[in-house]
>>> print(open('model27.cif').read())   # mmCIF, C-alpha atoms and all ligand atoms
data_my_file
#
loop_
_atom_site.label_atom_id
_atom_site.label_comp_id
_atom_site.auth_asym_id
_atom_site.auth_seq_id
_atom_site.Cartn_x
_atom_site.Cartn_y
_atom_site.Cartn_z
CA MET A 1 0.00 0.00 0.00
CA HIS A 2 1.33 3.40 -0.95
CA ARG A 3 1.16 5.85 1.89
CA THR A 4 2.05 9.51 1.85
CA PHE A 5 3.55 10.95 5.00
CA THR A 6 2.54 14.44 5.91
CA LYS A 7 4.07 15.96 9.00
CA ALA A 8 1.99 16.87 12.00
CA ALA A 9 -0.86 19.24 11.49
CA ILE A 10 -2.43 18.45 14.83
CA ALA A 11 -2.72 21.34 17.22
CA VAL A 12 -1.29 20.18 20.52
CA SER A 13 -2.44 21.68 23.76
CA SER A 14 -0.65 21.45 27.07
CA ALA A 15 0.86 18.15 28.04
CA ALA A 16 -1.39 17.59 30.98
CA VAL A 17 -1.76 13.88 31.51
CA LEU A 18 -4.78 12.75 33.36
CA ALA A 19 -3.72 11.19 36.61
CA ALA A 20 -7.06 10.08 37.93
CA ALA A 21 -8.88 7.20 36.36
CA ALA A 22 -12.27 8.25 35.12
CA THR A 23 -15.47 6.37 35.50
CA ALA A 24 -15.46 3.51 33.07
CA PRO A 25 -17.38 4.44 29.93
CA ALA A 26 -20.23 2.35 28.67
CA ALA A 27 -19.63 -1.00 27.09
CA ALA A 28 -17.99 -1.07 23.68
CA ASP A 29 -19.70 -1.29 20.38
CA SER A 30 -18.64 -4.87 19.78
CA ALA A 31 -19.39 -5.13 16.09
CA GLY A 32 -16.97 -7.40 14.30
CA TYR A 33 -13.95 -6.02 12.51
CA ALA A 34 -11.96 -7.69 9.78
CA GLY A 35 -8.25 -8.07 10.39
CA THR A 36 -6.03 -5.96 8.17
CA THR A 37 -2.36 -5.11 7.74
CA VAL A 38 -2.70 -1.82 9.60
CA GLY A 39 -0.90 -2.03 12.93
CA THR A 40 0.82 -4.93 14.57
CA THR A 41 -2.12 -6.89 15.85
CA VAL A 42 -5.49 -7.90 14.55
CA ALA A 43 -7.82 -4.96 14.59
CA THR A 44 -10.48 -4.96 17.20
CA ALA A 45 -13.54 -2.97 17.99
CA PRO A 46 -13.06 0.19 20.00
CA VAL A 47 -13.01 -1.07 23.54
CA LEU A 48 -14.75 2.01 24.83
CA TYR A 49 -17.59 3.99 23.40
CA LYS A 50 -19.49 6.65 25.25
CA GLU A 51 -21.96 9.33 24.33
CA ALA A 52 -21.92 12.66 26.15
CA ALA A 53 -18.29 12.10 27.08
CA GLY A 54 -15.70 14.51 28.44
CA LEU A 55 -11.91 14.67 28.57
CA ALA A 56 -11.97 12.96 31.98
CA ASP A 57 -13.49 9.88 30.35
CA CYS A 58 -10.18 9.24 28.60
CA SER A 59 -8.44 7.31 31.35
CA ALA A 60 -4.70 6.90 31.67
CA GLY A 61 -3.59 4.26 29.18
CA LEU A 62 -6.20 5.02 26.53
CA VAL A 63 -6.12 6.67 23.13
CA CYS A 64 -9.36 8.60 22.55
CA LEU A 65 -11.18 10.52 19.87
CA TRP A 66 -14.14 12.84 20.40
CA GLN A 67 -16.91 14.02 18.18
CA ASN A 68 -16.47 17.65 19.22
CA SER A 69 -13.37 19.82 19.49
CA ASN A 70 -13.97 20.51 23.20
CA TYR A 71 -13.85 16.76 24.05
CA THR A 72 -17.61 16.42 24.17
CA GLY A 73 -20.15 14.34 22.30
CA VAL A 74 -19.32 10.76 21.41
CA MET A 75 -15.93 9.43 22.53
CA VAL A 76 -14.35 6.30 21.11
CA ALA A 77 -11.24 4.88 22.75
CA TRP A 78 -8.82 1.99 22.56
CA TRP A 79 -6.51 0.23 24.95
CA PRO A 80 -3.15 -0.48 23.25
CA PRO A 81 -2.44 -2.31 21.09
CA ASN A 82 -5.98 -2.12 19.70
CA TYR A 83 -6.67 0.02 16.68
CA ASN A 84 -9.25 0.36 13.93
CA PRO A 85 -8.62 0.59 10.17
CA ASP A 86 -12.12 1.70 9.22
CA PHE A 87 -14.17 4.11 11.29
CA ARG A 88 -17.21 3.33 9.15
CA THR A 89 -17.45 0.19 11.29
CA ILE A 90 -17.99 2.26 14.44
CA LYS A 91 -21.72 2.67 14.38
CA CYS A 92 -22.89 5.80 16.13
CA SER A 93 -26.45 7.03 15.98
CA ALA A 94 -25.44 10.46 17.25
CA CYS A 95 -22.80 10.88 14.53
CA SER A 96 -23.07 12.40 11.09
CA GLY A 97 -23.86 9.60 8.65
CA GLY A 98 -24.53 7.12 11.43
CA ASP A 99 -20.91 6.19 12.05
CA PHE A 100 -17.72 7.74 13.42
CA ASN A 101 -16.08 8.16 10.02
CA ASP A 102 -15.01 11.78 9.35
CA ASP A 103 -16.36 12.88 12.69
CA ALA A 104 -13.41 13.17 15.10
CA SER A 105 -12.66 16.72 16.23
CA ALA A 106 -10.43 16.16 19.25
CA TRP A 107 -7.92 13.54 20.35
CA ALA A 108 -5.89 12.38 23.34
CA SER A 109 -3.19 9.74 23.69
CA PHE A 110 -2.44 8.64 27.23
CA THR A 111 -0.88 5.44 25.92
CA ASP A 112 2.68 4.13 25.71
CA ARG A 113 2.98 4.47 21.94
CA ASN A 114 2.45 6.90 19.09
CA TYR A 115 -0.93 6.25 17.59
CA CYS A 116 -1.54 7.56 14.09
CA VAL A 117 -4.78 8.83 12.60
CA SER A 118 -5.36 9.01 8.87
CA TRP A 119 -7.80 10.55 6.48
CA ASP A 120 -8.19 7.32 4.56
CA ILE A 121 -9.62 3.96 5.47
CA ASN A 122 -6.65 1.65 6.17
CA GLY A 123 -4.34 4.62 6.71
CA GLY A 124 -2.73 7.23 4.53
CA ASN A 125 -3.50 10.41 2.59
CA PRO A 126 -2.30 11.95 4.92
CA ASP A 127 -1.38 10.53 8.32
CA ASN A 128 -0.88 12.34 11.60
CA THR A 129 0.89 11.23 14.76
CA MET A 130 -0.76 11.76 18.12
CA PRO A 131 2.18 12.16 20.50
CA VAL A 132 2.17 10.22 23.76
CA GLY A 133 0.83 12.14 26.72
CA LEU A 134 -0.79 14.94 24.73
CA HIS A 135 -4.28 15.95 23.69
CA GLY A 136 -5.91 18.67 21.67
CA PRO A 137 -8.48 19.64 19.09
CA PHE A 138 -7.79 18.79 15.47
CA THR A 139 -6.75 21.73 13.34
CA PRO A 140 -9.33 22.92 10.78
CA SER A 141 -7.81 20.86 7.97
CA TRP A 142 -8.09 17.74 10.13
CA ASP A 143 -11.48 18.42 11.62
CA ASN A 144 -13.99 15.70 10.77
CA ARG A 145 -11.47 13.90 8.55
CA ALA A 146 -10.09 10.94 10.50
CA SER A 147 -11.12 7.56 9.06
CA SER A 148 -8.69 5.12 10.67
CA ILE A 149 -6.22 4.75 13.53
CA SER A 150 -3.10 2.60 13.76
CA ASN A 151 -0.98 1.63 16.74
CA ILE A 152 2.51 1.89 15.24
CA GLY A 153 2.87 5.59 14.55
CA CYS A 154 2.73 7.11 11.11
CA PRO A 155 4.76 5.82 8.14
CA CA B 201 -16.81 16.41 14.68
#
>>> encode(input="model27.cif", output="structure tokens", more="lines below")
Ligand SMILES: [Ca+2]
Amino acid sequence: MHRTFTKAAIAVSSAAVLAAAATAPAAADSAGYAGTTVGTTVATAPVLYKEAAGLADCSAGLVCLWQNSNYTGVMVAWWPPNYNPDFRTIKCSACSGGDFNDDASAWASFTDRNYCVSWDINGGNPDNTMPVGLHGPFTPSWDNRASSISNIGCP
């Protein structure tokens, strides 16, 4: 697969890492996901999915995406090394189009690795690293564009 690397366009806010574990979000959307070559393990469903979420719902250890730029609305999150190559598979009645594709407006990575979000299904065109320990809104060019997430950083 040809992938084009484009350097970080994510706006990073302060490096505040959440110390306190938040209340566990609601059970995951457990729809099946096909394994792909994105990442180092078989893709899995987002392990956490919550509507009306906040930044505090992204517990230490998680990588999280929110529907709105102020960390509100629907949040989807993964425990490493989980990832998802196709956000169309994340069904979300509160989201535009009925799924989480092209809906993420804020991010946080409180994991031990650089997760990468991409405009395209299965990565690429372009990709953007979410540095460990940071969070922020997506810049205007990245707002409502993310379609996949990998667990091995960007190419
Ligand atoms: Ca959005």
>>> closest_residue(input="model27.cif", among="A:Ser150, A:Ser105, A:Ser141, A:Thr111", to="Gly124 (chain A)", atoms="all atoms listed in the file")
A:Ser150
>>> closest_residue(input="model27.cif", among="A:Phe110, A:Tyr49, A:Trp142, A:Trp79", to="ligand CA 201 (chain B)", atoms="all atoms listed in the file")
A:Trp142
>>> closest_residue(input="model27.cif", among="A:Ser59, A:Asn101, A:Asn84, A:Asn151", to="ligand CA 201 (chain B)", atoms="all atoms listed in the file")
A:Asn101
>>> closest_residue(input="model27.cif", among="A:Ile149, A:Met75, A:Ala56, A:Leu48", to="ligand CA 201 (chain B)", atoms="only C-alpha atoms and all ligand atoms")
A:Met75
>>> residues_near_point(input="model27.cif", point="(-25.6, 10.4, 15.9)", cutoff="12 Å", atoms="all atoms listed in the file", output="PyMOL selection string")
chain A and resi 50-52+67+73-75+90-101+103
>>> closest_atom_pairs(input="model27.cif", of="chain A", to="ligand CA 201 (chain B)", cutoff="8 Å", atoms="only C-alpha atoms and all ligand atoms", output="Markdown table")
| residue | atom | partner | partner_atom | distance |
| --- | --- | --- | --- | --- |
| A:Trp66 | CA | B:CA201 | CA | 7.3 |
| A:Gln67 | CA | B:CA201 | CA | 4.2 |
| A:Asn68 | CA | B:CA201 | CA | 4.7 |
| A:Ser69 | CA | B:CA201 | CA | 6.8 |
| A:Asp102 | CA | B:CA201 | CA | 7.3 |
| A:Asp103 | CA | B:CA201 | CA | 4.1 |
| A:Ala104 | CA | B:CA201 | CA | 4.7 |
| A:Ser105 | CA | B:CA201 | CA | 4.4 |
| A:Ala106 | CA | B:CA201 | CA | 7.9 |
| A:Asp143 | CA | B:CA201 | CA | 6.5 |
| A:Asn144 | CA | B:CA201 | CA | 4.9 |
>>> atom_distance(input="model27.cif", atom1="CA of Gly133 (chain A)", atom2="CA of Tyr115 (chain A)")
11.0 Å
>>> atom_distance(input="model27.cif", atom1="CA of Asp112 (chain A)", atom2="CA of Leu62 (chain A)")
9.0 Å
>>> closest_residue(input="model27.cif", among="A:Thr89, A:Pro137, A:Trp119, A:Met130", to="Val63 (chain A)", atoms="only C-alpha atoms")
A:Met130
>>> atom_distance(input="model27.cif", atom1="CA of Pro126 (chain A)", atom2="CA of Tyr71 (chain A)")
22.9 Å
>>> residues_around(input="model27.cif", residues="Asp86 (chain A)", least_positions_apart="3", cutoff="6 Å", atoms="only C-alpha atoms", output="ChimeraX atom specification")
/A:89,121,147-148
